[in-house]
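J.: Pasting a structure below so you can have a look.
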Amino acid sequence: MNSFDFYNPTHIAFGEGKIADLNKLVPAEARVLVLFGGESARRTGTLDEVTTALGERQVTLFGGIEPNPSFETLMEAVAQVREQGVDYLLAVGGGSVIDGTKFVAAASVFEGDEWEILTQGGRNIERALPFGSVLTLPATGSEMNKGAVVTRKSLKAKLPFHSNHVFPAFSILDPTKTYTLPLRQVGNGVVDAFVHVVEQYLTYPAQAPVQDRFAEGLLQTLVEIGPQTLAEPENYQVRASMMWTATLALNGLIGSGVPQDWATHMLGHELTALHNLDHAQTLAIVLPAMLRERKAAKLDKLVQYGERVWNIRDGSAEDKAEAAIAKTEAFFESLGVKTRLSDYDLGEQHIEPLIASLESHGMVKLGEHGDVTPEVCRRVLQASL
Ligand code: NZQ
Ligand code: ZN
C-alpha cells in the first residue's frame, strides 16, 4: 500500500425528508445564492422545498447551469455573487450544478484570470466561499469530493480541477429526489459510478486488500442494483443504495493508497468537449477498448476483477480478462448506454481532432504508468468505432 493523505470534511445528511435539515446546516445569518440547472429542480418541487427550508435567510437564485457546466455561464453566477454580496452557496442538482458551484465558490474570491483555475488544475485556489449541496442525480460523487470539471465552450476545452477548499460543507442525499430522473440519466449514473471505481481499482496489485474489496463491493452492488434502479424508479431502497454507492465510489476512500488510472475519463472529456456527448456515454465508449488495449499491463487485476465481480472461473488468465471486459461492455449496453462511437454518429474522421485536442491539453502521459500516449488513445478510439 502506498502512503496517503485522506481528508474528507463533507457532512452527509441522508434520507427522505432531509432537505428540512437545511435550516440547521446553513448558518442563520448567511446570504445564500441557490444555484440550479435547467428546469428540473423547479418542476419537481425540490427548489420550493429548499427555499422553504432556508426560512428567513436572504436567498437569491441562479438557474441555467447546463449539463457539462460552462465557464461562460458560471462567470455570470460569479458576477451575481460579487454584486449581491453573497457569502454562502447552495447547489441543487446533479454533478454539473455541484461542479459549477465549486467553480463559482473558488472564482468569486479569486484574484486574477479565473480560467487559470482550470489551466492550473486548482493548485492556485487559496480560498473559496463555503457551500452545500442538495443532490438530485447519483453519479459523479461531486457531493462528497473536491473535484470539478468545467467546459469553456469558446475553446472547446473541458478541464478538471481539484482543491481541498471546494469540498462541500454538507450534502443532502434524499433518494426520493431521484424518482423523477429520466432513464437515460439513471443509466448514465450507474455507468459513471462504475467507471469511477474501475479507474481506482483496475490498475495493478498494490497490496491494498481492503481497498480492493471495498471497490469490488461497490462494483457488485452496481451490477445488482443497476437494472433494478432502471426498472423500479420509485423503489426507495434501491435508489438509496444507488445514491450511497455513487457517493462512495468517488469520495477519496477507495482511491487512498492505491495507483489510479483516469485515462478513460480524460479521453472521455475530449469527446464531450468536441461532440457534446453525455459524460457517461463517453466512458462507455472508451473503457472497454481502453481495457483491451492495456490488457497485458492490467492482466492481474483484470483476472481478479473477472473472478470476484463477475464470477468468471474458467479459462486462462487471458480468457478471463477478455470475458471480464465483455461482461463490462454488455452491462453498459444493458443499462441503455451505447458503447461504440458509431452509435453516436461518430466515425474515423473524428479521431484525429480528438487526439489533437488531447495533446493541446497536455494529456499525453495518462494512466497508472504514464504510458497512455496519444498514440495509445488513437488505437483505443479506432477500436471503439
Ligand atoms: O438541468 P436540469 O433541468 O436540472 O436537468 C438535469 C440535466 O439535464 C437532469 N436532472 C438532474 N436531476 C434530476 C434531473 N432530471 C429530473 N429529475 C432529477 N432529479 O439530469 C441532466 C444531467 O445532469 P448533470 O448534472 O449534467 O449529470 P451528472 O450528475 O451526470 O453530472 C455530469 C457532470 O459531472 C462531471 C461530468 O464531467 C459532467 O460535467 N463529473 C464530475 C466529477 C466530480 N466532480 O468528481 C467526476 C465525474 O467523473 C464527472 O466528470
Ligand atoms: Zn465520471
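In the C-alpha cells, chains take letters A, B, ... by order of appearance, with residues numbered from 1 within each chain and ligands from 1 in the order shown.
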Excluding Val78 of chain A and its own-chain neighbours fewer than 2 positions away, which residues fall within 7 Å of it when counting only C-alpha atoms? Please give them as a list in words.

T.: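 That gives Leu74, Met75, Glu76, Gln80, Val81, Arg82, Val104, Ala107 and Ser108 of chain A.
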
J.: For the residues selected in the previous step, produce a file with N, CA and C atoms as an mmCIF file, in the first residue's frame.

T.:
data_model
loop_
_atom_site.group_PDB
_atom_site.id
_atom_site.type_symbol
_atom_site.label_atom_id
_atom_site.label_comp_id
_atom_site.auth_asym_id
_atom_site.auth_seq_id
_atom_site.Cartn_x
_atom_site.Cartn_y
_atom_site.Cartn_z
ATOM 1 N N LEU A 74 -21.047 30.071 -15.750
ATOM 2 C CA LEU A 74 -20.637 30.168 -14.342
ATOM 3 C C LEU A 74 -20.092 31.551 -14.013
ATOM 4 N N MET A 75 -19.459 32.193 -14.983
ATOM 5 C CA MET A 75 -18.952 33.540 -14.713
ATOM 6 C C MET A 75 -20.100 34.538 -14.505
ATOM 7 N N GLU A 76 -21.276 34.235 -15.068
ATOM 8 C CA GLU A 76 -22.455 35.084 -14.779
ATOM 9 C C GLU A 76 -22.838 34.931 -13.307
ATOM 10 N N GLN A 80 -22.932 37.696 -10.188
ATOM 11 C CA GLN A 80 -24.071 37.866 -9.258
ATOM 12 C C GLN A 80 -23.614 37.782 -7.800
ATOM 13 N N VAL A 81 -22.729 36.838 -7.515
ATOM 14 C CA VAL A 81 -22.199 36.702 -6.144
ATOM 15 C C VAL A 81 -21.524 38.004 -5.719
ATOM 16 N N ARG A 82 -20.692 38.532 -6.612
ATOM 17 C CA ARG A 82 -19.935 39.740 -6.264
ATOM 18 C C ARG A 82 -20.869 40.943 -6.107
ATOM 19 N N VAL A 104 -17.768 28.387 -8.930
ATOM 20 C CA VAL A 104 -18.232 29.721 -8.510
ATOM 21 C C VAL A 104 -17.675 30.047 -7.121
ATOM 22 N N ALA A 107 -13.977 30.872 -7.780
ATOM 23 C CA ALA A 107 -13.741 32.000 -8.693
ATOM 24 C C ALA A 107 -14.204 33.326 -8.103
ATOM 25 N N SER A 108 -15.265 33.302 -7.291
ATOM 26 C CA SER A 108 -15.813 34.557 -6.745
ATOM 27 C C SER A 108 -14.797 35.285 -5.876
#

J.: Within 6 Å of ligand 1 (counting only C-alpha atoms and all ligand atoms), which residues show up? I'd like them as JSON, numbers by chain.

T.: {"A": [37, 38, 39, 40, 41, 66, 67, 68, 69, 93, 94, 95, 96, 97, 99, 136, 137, 139, 140, 141, 142, 147, 148, 149, 177, 178, 180, 181, 182, 185, 189, 279]}

J.: Using backbone DSSP assignments, extract all helix (DSSP H, G or I) residues from segment 258-308 of chain A; output them as a PyMOL selection string.

T.: chain A and resi 263-275+279-293+299-308

J.: I need the chosen residues saved as a short mmCIF file (atom, residue, chain, number, x, y, z; two decimals), in the first residue's frame, with N, CA and C atoms.

T.:
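File out_31.cif, as written:
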data_model
loop_
_atom_site.label_atom_id
_atom_site.label_comp_id
_atom_site.auth_asym_id
_atom_site.auth_seq_id
_atom_site.Cartn_x
_atom_site.Cartn_y
_atom_site.Cartn_z
N ALA A 263 -7.32 7.48 -17.34
CA ALA A 263 -7.14 7.73 -18.78
C ALA A 263 -8.49 7.74 -19.50
N THR A 264 -9.39 6.84 -19.10
CA THR A 264 -10.71 6.78 -19.75
C THR A 264 -11.45 8.11 -19.56
N HIS A 265 -11.38 8.65 -18.35
CA HIS A 265 -12.06 9.93 -18.11
C HIS A 265 -11.46 11.06 -18.96
N MET A 266 -10.14 11.11 -19.01
CA MET A 266 -9.52 12.24 -19.72
C MET A 266 -9.82 12.18 -21.22
N LEU A 267 -9.78 10.97 -21.80
CA LEU A 267 -10.14 10.85 -23.21
C LEU A 267 -11.64 11.13 -23.39
N GLY A 268 -12.44 10.67 -22.45
CA GLY A 268 -13.88 10.93 -22.50
C GLY A 268 -14.20 12.42 -22.48
N HIS A 269 -13.47 13.18 -21.69
CA HIS A 269 -13.72 14.63 -21.63
C HIS A 269 -13.56 15.28 -23.01
N GLU A 270 -12.61 14.77 -23.81
CA GLU A 270 -12.43 15.34 -25.15
C GLU A 270 -13.66 15.06 -26.02
N LEU A 271 -14.23 13.86 -25.86
CA LEU A 271 -15.43 13.52 -26.64
C LEU A 271 -16.59 14.45 -26.28
N THR A 272 -16.71 14.77 -24.99
CA THR A 272 -17.78 15.71 -24.61
C THR A 272 -17.48 17.10 -25.12
N ALA A 273 -16.23 17.54 -24.98
CA ALA A 273 -15.89 18.92 -25.39
C ALA A 273 -16.13 19.12 -26.88
N LEU A 274 -15.80 18.10 -27.69
CA LEU A 274 -15.93 18.28 -29.14
C LEU A 274 -17.30 17.87 -29.68
N HIS A 275 -17.95 16.91 -29.02
CA HIS A 275 -19.19 16.38 -29.62
C HIS A 275 -20.38 16.39 -28.67
N HIS A 279 -21.41 12.68 -20.29
CA HIS A 279 -20.18 12.19 -19.69
C HIS A 279 -20.13 10.65 -19.67
N ALA A 280 -21.20 10.03 -19.20
CA ALA A 280 -21.18 8.56 -19.07
C ALA A 280 -21.14 7.86 -20.43
N GLN A 281 -21.74 8.48 -21.44
CA GLN A 281 -21.67 7.88 -22.78
C GLN A 281 -20.22 7.79 -23.22
N THR A 282 -19.45 8.82 -22.93
CA THR A 282 -18.04 8.80 -23.35
C THR A 282 -17.28 7.68 -22.64
N LEU A 283 -17.62 7.46 -21.39
CA LEU A 283 -16.92 6.42 -20.62
C LEU A 283 -17.28 5.04 -21.16
N ALA A 284 -18.56 4.86 -21.51
CA ALA A 284 -19.00 3.56 -22.03
C ALA A 284 -18.32 3.25 -23.36
N ILE A 285 -18.04 4.27 -24.13
CA ILE A 285 -17.34 4.07 -25.41
C ILE A 285 -15.87 3.72 -25.16
N VAL A 286 -15.25 4.47 -24.27
CA VAL A 286 -13.78 4.38 -24.15
C VAL A 286 -13.33 3.20 -23.29
N LEU A 287 -14.02 2.95 -22.17
CA LEU A 287 -13.47 1.97 -21.21
C LEU A 287 -13.20 0.58 -21.79
N PRO A 288 -14.18 -0.07 -22.47
CA PRO A 288 -13.88 -1.43 -22.93
C PRO A 288 -12.66 -1.48 -23.85
N ALA A 289 -12.59 -0.54 -24.79
CA ALA A 289 -11.44 -0.55 -25.71
C ALA A 289 -10.14 -0.21 -24.97
N MET A 290 -10.22 0.65 -23.98
CA MET A 290 -9.03 1.03 -23.19
C MET A 290 -8.52 -0.20 -22.43
N LEU A 291 -9.44 -0.98 -21.86
CA LEU A 291 -9.02 -2.19 -21.11
C LEU A 291 -8.41 -3.22 -22.05
N ARG A 292 -9.00 -3.38 -23.24
CA ARG A 292 -8.44 -4.36 -24.20
C ARG A 292 -7.05 -3.93 -24.63
N GLU A 293 -6.91 -2.65 -24.92
CA GLU A 293 -5.62 -2.12 -25.38
C GLU A 293 -4.54 -2.35 -24.32
N LEU A 299 -3.27 -7.24 -16.57
CA LEU A 299 -3.78 -8.62 -16.56
C LEU A 299 -4.14 -9.13 -15.17
N ASP A 300 -3.24 -8.92 -14.19
CA ASP A 300 -3.50 -9.48 -12.85
C ASP A 300 -4.81 -8.93 -12.28
N LYS A 301 -4.99 -7.64 -12.41
CA LYS A 301 -6.19 -7.03 -11.85
C LYS A 301 -7.44 -7.40 -12.68
N LEU A 302 -7.27 -7.53 -14.00
CA LEU A 302 -8.42 -7.93 -14.82
C LEU A 302 -8.91 -9.31 -14.43
N VAL A 303 -7.97 -10.20 -14.14
CA VAL A 303 -8.36 -11.55 -13.73
C VAL A 303 -9.08 -11.49 -12.38
N GLN A 304 -8.51 -10.74 -11.45
CA GLN A 304 -9.14 -10.59 -10.13
C GLN A 304 -10.56 -10.00 -10.25
N TYR A 305 -10.68 -8.99 -11.08
CA TYR A 305 -11.97 -8.35 -11.34
C TYR A 305 -12.96 -9.36 -11.93
N GLY A 306 -12.49 -10.11 -12.92
CA GLY A 306 -13.35 -11.12 -13.56
C GLY A 306 -13.82 -12.16 -12.56
N GLU A 307 -12.90 -12.64 -11.75
CA GLU A 307 -13.26 -13.70 -10.80
C GLU A 307 -14.18 -13.17 -9.71
N ARG A 308 -13.81 -12.04 -9.12
CA ARG A 308 -14.53 -11.59 -7.92
C ARG A 308 -15.81 -10.82 -8.22
#

J.: Report as a PyMOL selection string: the residues of segment 125-367 of chain A with a DSSP assignment of strand (DSSP E or B), based on the backbone of this structure.

T.: chain A and resi 131-135+147-152+157-162+170-173+366

J.: What does the file look like for those residues with C-alpha atoms, as an mmCIF file, in the first residue's frame?

T.:
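out-v2.cif, written as the output of this step:
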data_model
loop_
_atom_site.group_PDB
_atom_site.id
_atom_site.type_symbol
_atom_site.label_atom_id
_atom_site.label_comp_id
_atom_site.auth_asym_id
_atom_site.auth_seq_id
_atom_site.Cartn_x
_atom_site.Cartn_y
_atom_site.Cartn_z
ATOM 1 C CA PHE A 131 -21.250 25.899 0.069
ATOM 2 C CA GLY A 132 -23.545 22.912 0.484
ATOM 3 C CA SER A 133 -25.425 20.720 -1.959
ATOM 4 C CA VAL A 134 -28.776 19.010 -2.399
ATOM 5 C CA LEU A 135 -28.102 16.094 -4.737
ATOM 6 C CA GLY A 147 -13.061 17.801 -7.815
ATOM 7 C CA ALA A 148 -14.993 19.512 -10.574
ATOM 8 C CA VAL A 149 -14.945 19.675 -14.355
ATOM 9 C CA VAL A 150 -15.711 22.853 -16.292
ATOM 10 C CA THR A 151 -16.065 23.405 -20.038
ATOM 11 C CA ARG A 152 -15.046 26.583 -21.812
ATOM 12 C CA ALA A 157 -11.941 22.658 -23.617
ATOM 13 C CA LYS A 158 -13.279 20.534 -20.759
ATOM 14 C CA LEU A 159 -10.822 20.574 -17.860
ATOM 15 C CA PRO A 160 -10.845 19.269 -14.278
ATOM 16 C CA PHE A 161 -9.672 20.999 -11.116
ATOM 17 C CA HIS A 162 -9.195 19.853 -7.521
ATOM 18 C CA PHE A 170 -22.543 19.341 3.605
ATOM 19 C CA SER A 171 -24.578 17.384 1.098
ATOM 20 C CA ILE A 172 -28.176 16.316 1.450
ATOM 21 C CA LEU A 173 -28.915 12.959 -0.156
ATOM 22 C CA LEU A 366 -2.052 9.185 -18.901
#

J.: With only C-alpha atoms as the counted atoms, please give the residues lying no more than 7 Å from Pro130 of chain A, apart from itself and same-chain residues fewer than 4 positions off, as a PDB file with N, CA and C atoms, in the first residue's frame.

T.:
ATOM      1  N   TYR A  88     -22.696  32.567   0.892  1.00  0.00           N
ATOM      2  CA  TYR A  88     -22.901  31.125   1.025  1.00  0.00           C
ATOM      3  C   TYR A  88     -23.592  30.636  -0.246  1.00  0.00           C
ATOM      4  N   LEU A  89     -23.131  29.492  -0.769  1.00  0.00           N
ATOM      5  CA  LEU A  89     -23.735  28.943  -1.988  1.00  0.00           C
ATOM      6  C   LEU A  89     -24.423  27.625  -1.670  1.00  0.00           C
ATOM      7  N   ALA A 105     -17.647  29.044  -6.241  1.00  0.00           N
ATOM      8  CA  ALA A 105     -17.145  29.257  -4.872  1.00  0.00           C
ATOM      9  C   ALA A 105     -15.688  29.726  -4.898  1.00  0.00           C
ATOM     10  N   ALA A 169     -19.479  21.756   2.290  1.00  0.00           N
ATOM     11  CA  ALA A 169     -19.559  21.691   3.753  1.00  0.00           C
ATOM     12  C   ALA A 169     -20.513  20.566   4.151  1.00  0.00           C
TER      13      ALA A 169
END

J.: Quick one: of A:Leu385, A:Leu61, A:Leu90, A:Ala193, who's nearest to Leu22 of chain A, counting only C-alpha atoms?

T.: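 So, comparing all the options, the nearest one is A:Leu90.
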
J.: So, with only C-alpha atoms as the atoms that count, which of A:Asn145, A:Thr101, A:Gln84, A:Gln120 lies closest to Thr247 of chain A?

T.: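 Smallest distance to Thr247 of chain A is found for A:Asn145.
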
J.: Excluding Arg127 of chain A and residues on its chain fewer than 6 positions from it, collect all residues at most 12 Å away from it, counting only C-alpha atoms, and give them as a ChimeraX atom specification.

T.: /A:102-111,117,163-167

J.: Between atom CA of Gly121 of chain A and atom CA of His361 of chain A, what distance in Å does the model show, to one decimal?

T.: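 About the pair atom CA of Gly121 of chain A and atom CA of His361 of chain A: they are 11.3 Å apart.
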
J.: Smallest atom-to-atom distance to Leu230 of chain A: which of A:Lys327, A:Lys146, A:Lys298, A:Met242, using only C-alpha atoms?

T.: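 Of A:Lys327, A:Lys146, A:Lys298, A:Met242, the one nearest Leu230 of chain A, counting only C-alpha atoms, is A:Met242.
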
J.: To one decimal in Å, tell me the separation between atom CA of Pro138 of chain A and atom CA of Tyr236 of chain A.

T.: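 Result for atom CA of Pro138 of chain A versus atom CA of Tyr236 of chain A: 13.4 Å, one decimal.
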
J.: Just to confirm, what's the straight-line distance from atom CA of Glu234 of chain A to atom CA of Tyr179 of chain A in Å (one decimal)?

T.: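 Atom-to-atom, atom CA of Glu234 of chain A to atom CA of Tyr179 of chain A, that is 5.6 Å.
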
J.: Tell me, as an MDAnalysis selection string, which residues lie within 6 Å of Gly367 of chain A, counting only C-alpha atoms; anything in the same chain fewer than 2 positions away does not count.

T.: chainID A and resid 261 263 369:370 372
